[in-house]
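For reference, data20.csv is printed below; it contains CSV, C-alpha atoms.
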```
chain,number,residue,atom,x,y,z
C,1,MET,CA,5.7,-17.5,-22.5
C,2,LEU,CA,5.1,-17.0,-18.8
C,3,PRO,CA,5.7,-13.4,-17.7
C,4,TRP,CA,8.5,-12.8,-15.2
C,5,LEU,CA,7.7,-10.0,-12.7
C,6,PRO,CA,10.5,-7.7,-11.3
C,7,GLU,CA,10.5,-6.9,-7.6
C,8,HIS,CA,9.7,-3.3,-8.5
C,9,PRO,CA,7.2,-1.8,-9.4
C,10,ILE,CA,4.3,-3.9,-8.2
C,11,GLY,CA,2.2,-5.0,-11.1
C,12,PHE,CA,0.5,-8.1,-12.6
C,13,PRO,CA,-0.6,-9.1,-16.1
C,14,ALA,CA,-4.4,-9.1,-16.7
C,15,VAL,CA,-5.9,-12.2,-15.2
C,16,GLU,CA,-7.4,-13.1,-18.5
C,17,THR,CA,-3.9,-13.9,-19.8
C,18,ALA,CA,-3.5,-16.8,-17.3
C,19,LEU,CA,-2.8,-20.2,-18.8
C,20,ASP,CA,-5.5,-22.8,-19.4
C,21,GLU,CA,-2.9,-25.5,-18.6
C,22,PRO,CA,-2.0,-25.5,-15.8
C,23,ASP,CA,-5.3,-23.7,-15.0
C,24,GLY,CA,-4.7,-20.2,-13.9
C,25,LEU,CA,-0.9,-19.9,-13.9
C,26,LEU,CA,-0.4,-16.2,-14.5
C,27,ALA,CA,3.2,-15.1,-13.8
C,28,ALA,CA,6.4,-15.8,-11.9
C,29,GLY,CA,8.7,-13.6,-9.8
C,30,GLY,CA,7.7,-10.5,-7.8
C,31,ASN,CA,7.9,-10.8,-4.1
C,32,LEU,CA,6.0,-12.0,-1.0
C,33,THR,CA,6.0,-8.6,0.8
C,34,PRO,CA,2.7,-7.3,2.1
C,35,ASP,CA,2.2,-4.8,-0.6
C,36,TRP,CA,2.7,-7.5,-3.3
C,37,LEU,CA,0.3,-9.9,-1.6
C,38,LEU,CA,-2.4,-7.3,-1.0
C,39,ALA,CA,-2.2,-6.1,-4.6
C,40,ALA,CA,-2.5,-9.7,-5.7
C,41,TYR,CA,-5.6,-10.6,-3.6
C,42,ARG,CA,-7.4,-7.5,-4.6
C,43,ARG,CA,-7.1,-8.6,-8.2
C,44,GLY,CA,-8.1,-12.2,-7.6
C,45,ILE,CA,-4.5,-13.6,-7.7
C,46,PHE,CA,-2.7,-15.7,-5.1
C,47,PRO,CA,0.8,-17.3,-4.7
C,48,TRP,CA,1.2,-21.0,-4.9
C,49,TYR,CA,4.6,-22.8,-5.4
C,50,SER,CA,6.8,-25.4,-3.8
C,51,ASP,CA,10.4,-25.3,-2.5
C,52,GLY,CA,12.8,-25.3,-5.4
C,53,GLN,CA,10.3,-23.4,-7.7
C,54,PRO,CA,10.2,-19.7,-8.4
C,55,LEU,CA,7.4,-17.7,-6.8
C,56,LEU,CA,4.3,-18.5,-9.0
C,57,TRP,CA,1.1,-16.5,-9.1
C,58,TRP,CA,-2.3,-18.0,-10.0
C,59,SER,CA,-5.9,-16.9,-11.0
C,60,PRO,CA,-7.8,-20.1,-12.0
C,61,ASP,CA,-11.0,-20.2,-14.0
C,62,PRO,CA,-13.5,-21.2,-12.7
C,63,ARG,CA,-13.1,-20.0,-9.2
C,64,MET,CA,-14.5,-21.9,-6.2
C,65,VAL,CA,-16.2,-19.6,-3.7
C,66,LEU,CA,-18.6,-20.0,-0.7
C,67,PHE,CA,-21.3,-17.5,-0.1
C,68,PRO,CA,-21.5,-17.5,3.7
C,69,GLU,CA,-25.3,-17.8,3.8
C,70,ARG,CA,-25.1,-20.9,1.6
C,71,ILE,CA,-22.9,-23.0,3.8
C,72,ARG,CA,-24.3,-26.5,4.1
C,73,VAL,CA,-24.3,-27.8,7.7
C,74,ARG,CA,-25.5,-31.5,7.5
C,75,ARG,CA,-27.2,-33.0,10.5
C,76,SER,CA,-24.1,-34.9,11.7
C,77,LEU,CA,-22.0,-31.8,11.6
C,78,ALA,CA,-24.7,-29.8,13.4
C,79,LYS,CA,-24.7,-32.4,16.2
C,80,ARG,CA,-20.9,-32.2,16.6
C,81,LEU,CA,-21.1,-28.4,16.7
C,82,ARG,CA,-23.5,-28.8,19.6
C,83,ASN,CA,-22.1,-31.8,21.5
C,84,ALA,CA,-18.5,-32.4,20.7
C,85,GLY,CA,-17.1,-29.9,23.2
C,86,PHE,CA,-15.2,-27.7,20.7
C,87,ASP,CA,-14.1,-24.2,21.7
C,88,VAL,CA,-13.6,-21.8,18.7
C,89,THR,CA,-11.4,-18.7,18.8
C,90,ALA,CA,-9.9,-16.2,16.4
C,91,ASP,CA,-6.3,-14.9,16.1
C,92,ARG,CA,-5.0,-16.5,19.2
C,93,ALA,CA,-2.6,-18.9,17.6
C,94,PHE,CA,-2.0,-17.8,14.0
C,95,ARG,CA,1.5,-19.2,13.8
C,96,ASP,CA,0.4,-22.5,15.2
C,97,VAL,CA,-2.4,-22.7,12.7
C,98,ILE,CA,-0.2,-22.0,9.7
C,99,GLU,CA,2.4,-24.4,10.9
C,100,ALA,CA,-0.3,-27.1,11.2
C,101,CYS,CA,-1.6,-26.4,7.7
C,102,ALA,CA,2.0,-26.7,6.4
C,103,ALA,CA,2.5,-30.1,7.9
C,104,PRO,CA,2.6,-32.8,5.2
C,105,ARG,CA,-0.7,-34.6,4.6
C,106,ASP,CA,-1.0,-38.4,4.3
C,107,GLY,CA,0.2,-39.5,0.9
C,108,GLU,CA,1.8,-36.1,0.1
C,109,PRO,CA,5.6,-35.7,0.0
C,110,GLY,CA,5.8,-32.1,1.1
C,111,THR,CA,4.0,-28.8,1.4
C,112,TRP,CA,3.3,-25.7,-0.7
C,113,ILE,CA,3.3,-23.6,2.4
C,114,THR,CA,7.0,-23.0,2.4
C,115,GLU,CA,8.9,-21.2,5.2
C,116,ALA,CA,8.9,-18.0,3.1
C,117,MET,CA,5.1,-18.3,2.7
C,118,ARG,CA,4.6,-18.8,6.5
C,119,ASP,CA,6.8,-15.8,7.3
C,120,ALA,CA,5.0,-13.7,4.7
C,121,TYR,CA,1.5,-14.5,6.1
C,122,CYS,CA,2.7,-13.9,9.6
C,123,ARG,CA,3.7,-10.4,8.5
C,124,LEU,CA,0.3,-9.9,7.1
C,125,HIS,CA,-1.2,-11.1,10.4
C,126,ALA,CA,0.9,-8.6,12.3
C,127,LEU,CA,-0.6,-5.9,10.0
C,128,GLY,CA,-4.1,-7.0,10.7
C,129,ALA,CA,-4.9,-8.4,7.2
C,130,ALA,CA,-4.3,-12.2,7.8
C,131,HIS,CA,-6.5,-14.0,10.4
C,132,SER,CA,-6.9,-17.5,11.8
C,133,ILE,CA,-9.8,-19.4,13.3
C,134,GLU,CA,-8.7,-22.0,15.9
C,135,VAL,CA,-10.7,-25.0,17.1
C,136,TRP,CA,-9.8,-26.4,20.5
C,137,HIS,CA,-10.8,-29.5,22.4
C,138,ASP,CA,-9.7,-29.9,26.0
C,139,ALA,CA,-7.3,-26.9,25.5
C,140,ARG,CA,-5.6,-28.7,22.6
C,141,LEU,CA,-5.5,-27.2,19.1
C,142,VAL,CA,-7.4,-29.7,16.9
C,143,GLY,CA,-8.3,-27.7,13.8
C,144,GLY,CA,-8.4,-24.4,12.1
C,145,LEU,CA,-8.0,-22.3,9.0
C,146,TYR,CA,-6.3,-19.0,8.0
C,147,GLY,CA,-6.6,-16.5,5.2
C,148,ILE,CA,-6.8,-12.8,4.3
C,149,ALA,CA,-9.8,-10.6,5.2
C,150,LEU,CA,-10.3,-7.5,3.1
C,151,GLY,CA,-13.7,-5.7,3.3
C,152,PRO,CA,-16.5,-8.2,2.8
C,153,VAL,CA,-14.2,-10.9,1.4
C,154,PHE,CA,-12.3,-13.7,3.1
C,155,PHE,CA,-9.6,-15.2,0.9
C,156,GLY,CA,-9.1,-18.7,2.4
C,157,GLU,CA,-5.7,-20.2,2.2
C,158,SER,CA,-5.6,-23.5,4.0
C,159,MET,CA,-7.3,-25.5,6.8
C,160,PHE,CA,-6.4,-28.5,8.9
C,161,SER,CA,-8.0,-31.1,11.2
C,162,ARG,CA,-6.5,-33.3,13.9
C,163,THR,CA,-9.9,-34.7,14.8
C,164,ALA,CA,-13.0,-35.3,12.8
C,165,ASP,CA,-14.8,-32.2,11.5
C,166,ALA,CA,-12.6,-29.7,13.2
C,167,SER,CA,-11.8,-27.7,10.1
C,168,LYS,CA,-15.5,-27.7,9.2
C,169,VAL,CA,-16.3,-26.2,12.6
C,170,ALA,CA,-13.8,-23.4,11.9
C,171,LEU,CA,-15.4,-22.7,8.5
C,172,VAL,CA,-18.9,-22.7,9.9
C,173,SER,CA,-17.8,-20.3,12.7
C,174,LEU,CA,-16.2,-18.0,10.1
C,175,ALA,CA,-19.3,-18.1,7.8
C,176,GLY,CA,-21.6,-17.4,10.8
C,177,ALA,CA,-19.6,-14.3,11.8
C,178,MET,CA,-19.6,-13.1,8.2
C,179,GLN,CA,-23.4,-13.5,8.0
C,180,ARG,CA,-23.9,-11.5,11.2
C,181,GLY,CA,-21.6,-8.8,9.8
C,182,ASP,CA,-21.4,-7.7,6.2
C,183,GLY,CA,-19.3,-10.6,4.9
C,184,ARG,CA,-20.2,-11.4,1.3
C,185,LEU,CA,-17.8,-14.1,0.0
C,186,ILE,CA,-15.2,-16.7,1.0
C,187,ASP,CA,-12.7,-17.4,-1.7
C,188,CYS,CA,-11.8,-21.1,-1.8
C,189,GLN,CA,-9.5,-20.7,-4.8
C,190,MET,CA,-9.7,-24.2,-6.5
C,191,HIS,CA,-12.4,-26.8,-6.6
C,192,THR,CA,-12.3,-29.7,-4.1
C,193,PRO,CA,-15.1,-32.2,-3.4
C,194,HIS,CA,-14.7,-31.5,0.3
C,195,LEU,CA,-15.5,-27.8,-0.1
C,196,ALA,CA,-18.3,-28.5,-2.5
C,197,SER,CA,-19.9,-30.8,0.1
C,198,LEU,CA,-20.1,-27.7,2.4
C,199,GLY,CA,-21.8,-25.6,-0.2
C,200,ALA,CA,-18.9,-24.0,-2.1
C,201,GLU,CA,-19.5,-23.5,-5.8
C,202,ASP,CA,-17.6,-22.7,-9.0
C,203,ILE,CA,-18.1,-19.3,-10.6
C,204,ALA,CA,-16.5,-17.8,-13.6
C,205,ARG,CA,-13.3,-15.9,-12.9
C,206,SER,CA,-14.8,-12.8,-14.6
C,207,THR,CA,-17.6,-12.9,-12.1
C,208,PHE,CA,-15.3,-13.3,-9.2
C,209,VAL,CA,-13.1,-10.4,-10.3
C,210,SER,CA,-16.2,-8.2,-10.9
C,211,TYR,CA,-17.1,-8.8,-7.2
C,212,LEU,CA,-13.7,-7.6,-6.2
C,213,ASP,CA,-13.9,-4.6,-8.4
C,214,GLN,CA,-17.2,-3.8,-6.8
C,215,TRP,CA,-16.2,-4.3,-3.2
C,216,LEU,CA,-12.4,-3.5,-3.2
C,217,ASP,CA,-10.0,-1.1,-4.8
C,218,ALA,CA,-8.5,-3.7,-7.1
C,219,ASN,CA,-5.4,-1.7,-8.1
C,220,PRO,CA,-3.8,-0.5,-4.8
C,221,GLY,CA,-0.7,1.6,-5.2
C,222,GLU,CA,0.6,-0.3,-8.3
C,223,ALA,CA,1.5,2.9,-10.2
C,224,SER,CA,3.4,4.4,-7.3
C,225,GLY,CA,4.7,1.2,-5.8
C,226,GLN,CA,3.3,2.3,-2.4
C,227,GLN,CA,1.4,0.0,0.0
C,228,ALA,CA,-2.3,0.9,0.0
C,229,ALA,CA,-4.5,1.2,3.0
C,230,MET,CA,-6.2,-2.1,3.8
C,231,PRO,CA,-10.0,-2.2,4.0
C,232,ALA,CA,-10.8,-3.8,7.4
C,233,ALA,CA,-12.9,-6.9,7.5
C,234,SER,CA,-16.6,-6.0,7.5
C,235,TRP,CA,-17.4,-8.5,10.2
C,236,SER,CA,-16.0,-9.1,13.7
C,237,PHE,CA,-13.3,-11.6,14.4
C,238,ALA,CA,-13.4,-10.4,18.1
C,239,GLU,CA,-16.9,-11.9,18.2
C,240,ILE,CA,-15.6,-15.3,17.3
C,241,ASP,CA,-12.8,-15.0,19.8
C,242,ALA,CA,-15.2,-14.0,22.6
C,243,THR,CA,-16.9,-17.4,22.3
C,244,GLY,CA,-13.7,-19.4,22.8
```
Please, can you express the file's structure as structure tokens?
Amino acid sequence: MLPWLPEHPIGFPAVETALDEPDGLLAAGGNLTPDWLLAAYRRGIFPWYSDGQPLLWWSPDPRMVLFPERIRVRRSLAKRLRNAGFDVTADRAFRDVIEACAAPRDGEPGTWITEAMRDAYCRLHALGAAHSIEVWHDARLVGGLYGIALGPVFFGESMFSRTADASKVALVSLAGAMQRGDGRLIDCQMHTPHLASLGAEDIARSTFVSYLDQWLDANPGEASGQQAAMPAASWSFAEIDATG
């Protein structure tokens, strides 16, 4: 039986209790406030649900991740990075990026990035935990991504492209900034061939959680219900923005 979480206090079941089918479904309920979301990410858990469903929390096994130094930039992408005239910025258009990511894709009837989710991540952005990378061409937003940055980890949420390779450009820019700082890991959540083509790989959930236990305080404020201090990103988003 799927656990139902009350709004107080903040707390999650052990990720090892998540269902095998559907893979990683852990619990329902709780809330989308910043303290709930930060507690979830620090434990390797993320929200994912559609309109008309309860708030659902997930921790799949295996977990797809990208080590920034292992990103794969093929020759055609490297050429576009040099010659396509893209400008890349950070945190200049967070709401626009998340709205673009929420737009229905071809062949898909709707979006999991509900209005409540958009508002929740905009609150995290205002607190300095959620960040966006924007890709521009002729002053038009053509691609980007957003997610949560805590310490050396970037928890990727979604990306979009309005022109070829624009989301890849955003990811390459993020990975580069993380390599130049002390970034260790980009969480891609679930396996996709697109991310695998860029160098992302599947690792065991237990390995992923061990990284978080090593790098982050994985149980912030759960006993007291208080929002814990956020570890700042260990690389510079300002560096990305300065190039735009």
Interatomic distance between CA of Leu145 in chain C and CA of Leu195 in chain C? 13.0 Å
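Each of C:Pro47, C:Gly147, C:Gly52, C:Pro13 was checked against Gly128 in chain C using only C-alpha atoms; the smallest atom-to-atom distance is that of C:Gly147.
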Compile the contact shell of Cys101 in chain C as number ranges by chain: residues with an atom at most 7 Å away, counting all atoms listed in the file, same-chain residues fewer than 5 positions apart removed. C: 158-160
Using Å and a single decimal, report how far CA of Ala103 in chain C sits from CA of Trp136 in chain C. 18.0 Å
If we draw a sphere of 10 Å around (-9.8, -28.9, 7.1), which residues have at least one atom in it when counting only C-alpha atoms? Please report them as an MDAnalysis selection string. chainID C and resid 101 143:145 158:171 194:195
Keeping only C-alpha atoms, take the residues you just selected and write them out as a PDB file, in the coordinates of the input.
```
ATOM      1  CA  CYS C 101      -1.600 -26.400   7.700  1.00  0.00           C
ATOM      2  CA  GLY C 143      -8.300 -27.700  13.800  1.00  0.00           C
ATOM      3  CA  GLY C 144      -8.400 -24.400  12.100  1.00  0.00           C
ATOM      4  CA  LEU C 145      -8.000 -22.300   9.000  1.00  0.00           C
ATOM      5  CA  SER C 158      -5.600 -23.500   4.000  1.00  0.00           C
ATOM      6  CA  MET C 159      -7.300 -25.500   6.800  1.00  0.00           C
ATOM      7  CA  PHE C 160      -6.400 -28.500   8.900  1.00  0.00           C
ATOM      8  CA  SER C 161      -8.000 -31.100  11.200  1.00  0.00           C
ATOM      9  CA  ARG C 162      -6.500 -33.300  13.900  1.00  0.00           C
ATOM     10  CA  THR C 163      -9.900 -34.700  14.800  1.00  0.00           C
ATOM     11  CA  ALA C 164     -13.000 -35.300  12.800  1.00  0.00           C
ATOM     12  CA  ASP C 165     -14.800 -32.200  11.500  1.00  0.00           C
ATOM     13  CA  ALA C 166     -12.600 -29.700  13.200  1.00  0.00           C
ATOM     14  CA  SER C 167     -11.800 -27.700  10.100  1.00  0.00           C
ATOM     15  CA  LYS C 168     -15.500 -27.700   9.200  1.00  0.00           C
ATOM     16  CA  VAL C 169     -16.300 -26.200  12.600  1.00  0.00           C
ATOM     17  CA  ALA C 170     -13.800 -23.400  11.900  1.00  0.00           C
ATOM     18  CA  LEU C 171     -15.400 -22.700   8.500  1.00  0.00           C
ATOM     19  CA  HIS C 194     -14.700 -31.500   0.300  1.00  0.00           C
ATOM     20  CA  LEU C 195     -15.500 -27.800  -0.100  1.00  0.00           C
TER      21      LEU C 195
END
```
Name the closest residue to Pro68 in chain C among the candidates C:Asn31, C:Thr89, C:Gln53, C:Ser173; distances are taken between atoms, counting only C-alpha atoms.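 Answer, going by the shortest atom-to-atom distance: C:Ser173.
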Any idea what's packed within 9 Å of range 72-85 of chain C, counting all atoms listed in the file, ignoring anything in its chain fewer than 2 positions away? Could you give it as a list of chain:residue names? C:Glu69, C:Arg70, C:Asp87, C:Trp136, C:His137, C:Asp138, C:Asp165, C:Lys168, C:Val169, C:Val172, C:Ser197, C:Leu198, C:Gly199, C:Ala200
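You will find CA of Trp36 in chain C at 29.1 Å from CA of Gln179 in chain C.
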Which of these, C:Pro22, C:Gly181, C:Gly156, C:Gly176, has the shortest distance to Ile98 in chain C once you count all atoms listed in the file?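 Of all the options, C:Gly156 lies closest to Ile98 in chain C.
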Quick one: everything within 7 Å of Pro34 in chain C, counting only C-alpha atoms, minus sequence neighbours fewer than 3 positions away in the same chain. Send it as an NGL selection string. :C and (37-38 or 124)
Ala102 in chain C: which residues within 10 Å, counting all atoms listed in the file, same-chain residues fewer than 2 positions away excluded, as number ranges by chain? C: 96-100, 104-105, 110-115, 117-118, 158-160
Take the selection from the previous step and output its residues with C-alpha atoms, as a short mmCIF file (atom, residue, chain, number, x, y, z; two decimals), in the frame of the given file.
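Result file is selection-v2.cif:
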```cif
data_model
loop_
_atom_site.label_atom_id
_atom_site.label_comp_id
_atom_site.auth_asym_id
_atom_site.auth_seq_id
_atom_site.Cartn_x
_atom_site.Cartn_y
_atom_site.Cartn_z
CA ASP C 96 0.40 -22.50 15.20
CA VAL C 97 -2.40 -22.70 12.70
CA ILE C 98 -0.20 -22.00 9.70
CA GLU C 99 2.40 -24.40 10.90
CA ALA C 100 -0.30 -27.10 11.20
CA PRO C 104 2.60 -32.80 5.20
CA ARG C 105 -0.70 -34.60 4.60
CA GLY C 110 5.80 -32.10 1.10
CA THR C 111 4.00 -28.80 1.40
CA TRP C 112 3.30 -25.70 -0.70
CA ILE C 113 3.30 -23.60 2.40
CA THR C 114 7.00 -23.00 2.40
CA GLU C 115 8.90 -21.20 5.20
CA MET C 117 5.10 -18.30 2.70
CA ARG C 118 4.60 -18.80 6.50
CA SER C 158 -5.60 -23.50 4.00
CA MET C 159 -7.30 -25.50 6.80
CA PHE C 160 -6.40 -28.50 8.90
#
```
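The shortest atom-to-atom distance to Ala39 in chain C, with all atoms listed in the file taken into account, belongs to C:Ile10 out of C:Ile10, C:Leu66, C:Val209, C:Met1.
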Could you give me, as a ChimeraX atom specification, the residues within 7 Å of Ile203 in chain C, counting all atoms listed in the file and dropping anything in the same chain fewer than 2 positions from it? /C:62-64,201,205,207-208
Restricting the calculation to only C-alpha atoms: of C:Gly151, C:Pro60, C:Gly24, C:Pro6, which residue gets closest to Met230 in chain C? C:Gly151
If we draw a sphere of 10 Å around (1.5, -20.0, -6.1), which residues have at least one atom in it when counting all atoms listed in the file? Please report them as an NGL selection string. :C and (24-28 or 45-50 or 53-59 or 112-113 or 117)
